[in-house]
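Q: Okay, handing you the structure first.
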Amino acid sequence: MSLGDELRYLRAFHGGGNLGEIEEEIGIEPGTLRYMEQRYRLVGEDDEVLAKIAAYYGVAPAELQYHRERYRKALSAYLHQSMEQKTTARFELRTGETVTGRVHWWDLGAFGLEPEDGGSLTVVQRHAVLNWPMGNEE
Amino acid sequence: MPDDLQTLRKRKRMSINQLASKSGISIATLIQYEKGAQEIPHADLSRLARALYVDEWDINPRSTPPPPPARKERLAKPSPPPRPKEKEKEKPKKKKIPPTSPPARETQIAHLLNLAAHFDIDRAALEEQIGKSLDELTRKEARHWNGHFMRRMAEEKPRRPIDRKRAYLPEGVDGFELAYLQEQQEAAAPLHFTLFDGQTFEGTVVGFSPYQIIIREPGGDEITLNKLAIAYYRKRGGDE
């Protein structure tokens, strides 16, 4: 799950407050949080800012750093590569389950995973993906 | 983090004149914004964002003012050579040297090779046709040869059928999932949904939007599932 998705969840769990007000309360530049929540590319490189946000939401900074590395474009790249190369893709979901299969299609919100045993297509919501093989993990 | 207006403008290779005409904001005002002398009001921020094809939050409303120009240190200049006498001073009139074209860009060479490949001409044959090595080609010559091959291509019919693939830029759309749901709705196929909290639901799709899926359970009840709460779903009877 990307940092943007995680931050949106955290905001929702904390009452879904107004971004501007939260930024003011945290003491960060206006627009920072909005930018982080909406971007598809790597965001949140400033550890100091990330630590302030983590403190506000009551989570460990390392947790946000973990999500920072799993930005949406990186997931897109993995999905695209798996689909093009017809390789088996593996995803750890927030539910604690791991799903595997061949990526049949993917888009902004979800992706279709074909199990290798020929079962039904599973439509996985992108925001449910916690982790996937990154870099040389594959 | 948002960037200063000038940084963004330069990144977009836009002159201040172009930005002024695209945004409808005067050059003088733009200069004030770029210098950080004036904060960009919200109305202008959105006009600039549209003109630069960026989001509003990509633009720093108050640009960082440029640092004051550093004072030039007076360096002890070496004393100029003694002035030549009047006769020596007479210099021959400079002849205008025609400007020489710089060496061709790598991208031009790559493009040229691609174009030549279309006519089954490899590098060696191309160099023979041009009469020199591609490494010695000037920018002007490269432009000429690229134009030559492009004209040839335009004149000829495509030699091989173009293997068009569907444009694969789904980042801006969620069409695949909606198409899948449409298919399942038309087939009245029962789907099995698993939510983040472990709850499961089963039913046929009766409607959907980018944010919600409405299903009818076997008992006839209709339930609206918020897509943010869904982890995954599949057809009933799939591998579970």
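By convention in this document, the chains of the structure tokens carry letters A, B, ... by their order, each chain's residues are numbered from 1, and ligands are numbered from 1 in the order they are shown.
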Counting only C-alpha atoms, collect the residues of chain B whose closest atom lies at most 12 Å from chain A, and write them out as a ChimeraX atom specification.
A: /B:1-3,55-62,168-181,184,189-200,209-212,226-240
Q: Give me the residues near Tyr56 in chain A as a PyMOL selection string, where near means some atom within 12 Å (using only C-alpha atoms) and where sequence neighbours in that chain fewer than 4 positions away do not count.
A: chain A and resi 7+10-11+14+22-28+49-52+60-61
Q: If you run DSSP on this backbone, which residues of range 2-123 of chain A come out as strand (DSSP E or B), and could you give them as a list of chain:residue names?
A: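 Secondary structure check on range 2-123 of chain A, strand (DSSP E or B): A:Thr88, A:Ala89, A:Arg90, A:Phe91, A:Glu92, A:Leu93, A:Thr98, A:Val99, A:Thr100, A:Gly101, A:Arg102, A:Val103, A:His104, A:Trp105, A:Trp106, A:Ala110, A:Phe111, A:Gly112, A:Leu113, A:Glu114, A:Thr122, A:Val123.
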Q: Which one of A:Val103, A:Ala12, A:Leu19, A:Met134 sits closest to Leu79 in chain A if you count only C-alpha atoms?
A: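 Checking each candidate against Leu79 in chain A, we get A:Val103 as the closest.
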Q: Do you know which residues are at most 6 Å from range 85-90 of chain A counting only C-alpha atoms, after dropping those on the same chain fewer than 3 positions away, and could you put them as a PyMOL selection string?
A: chain A and resi 81-82+99-102
Q: Could those selected residues go to a file with C-alpha atoms, as a PDB file, in the first residue's frame?
A:
```pdb
ATOM      1  CA  GLN A  81       5.895  -6.313 -15.877  1.00  0.00           C
ATOM      2  CA  SER A  82       4.060  -9.393 -14.597  1.00  0.00           C
ATOM      3  CA  VAL A  99      -2.738 -14.094  -3.466  1.00  0.00           C
ATOM      4  CA  THR A 100      -0.836 -15.289  -6.507  1.00  0.00           C
ATOM      5  CA  GLY A 101      -1.585 -15.623 -10.180  1.00  0.00           C
ATOM      6  CA  ARG A 102      -1.115 -14.070 -13.557  1.00  0.00           C
TER       7      ARG A 102
END
```
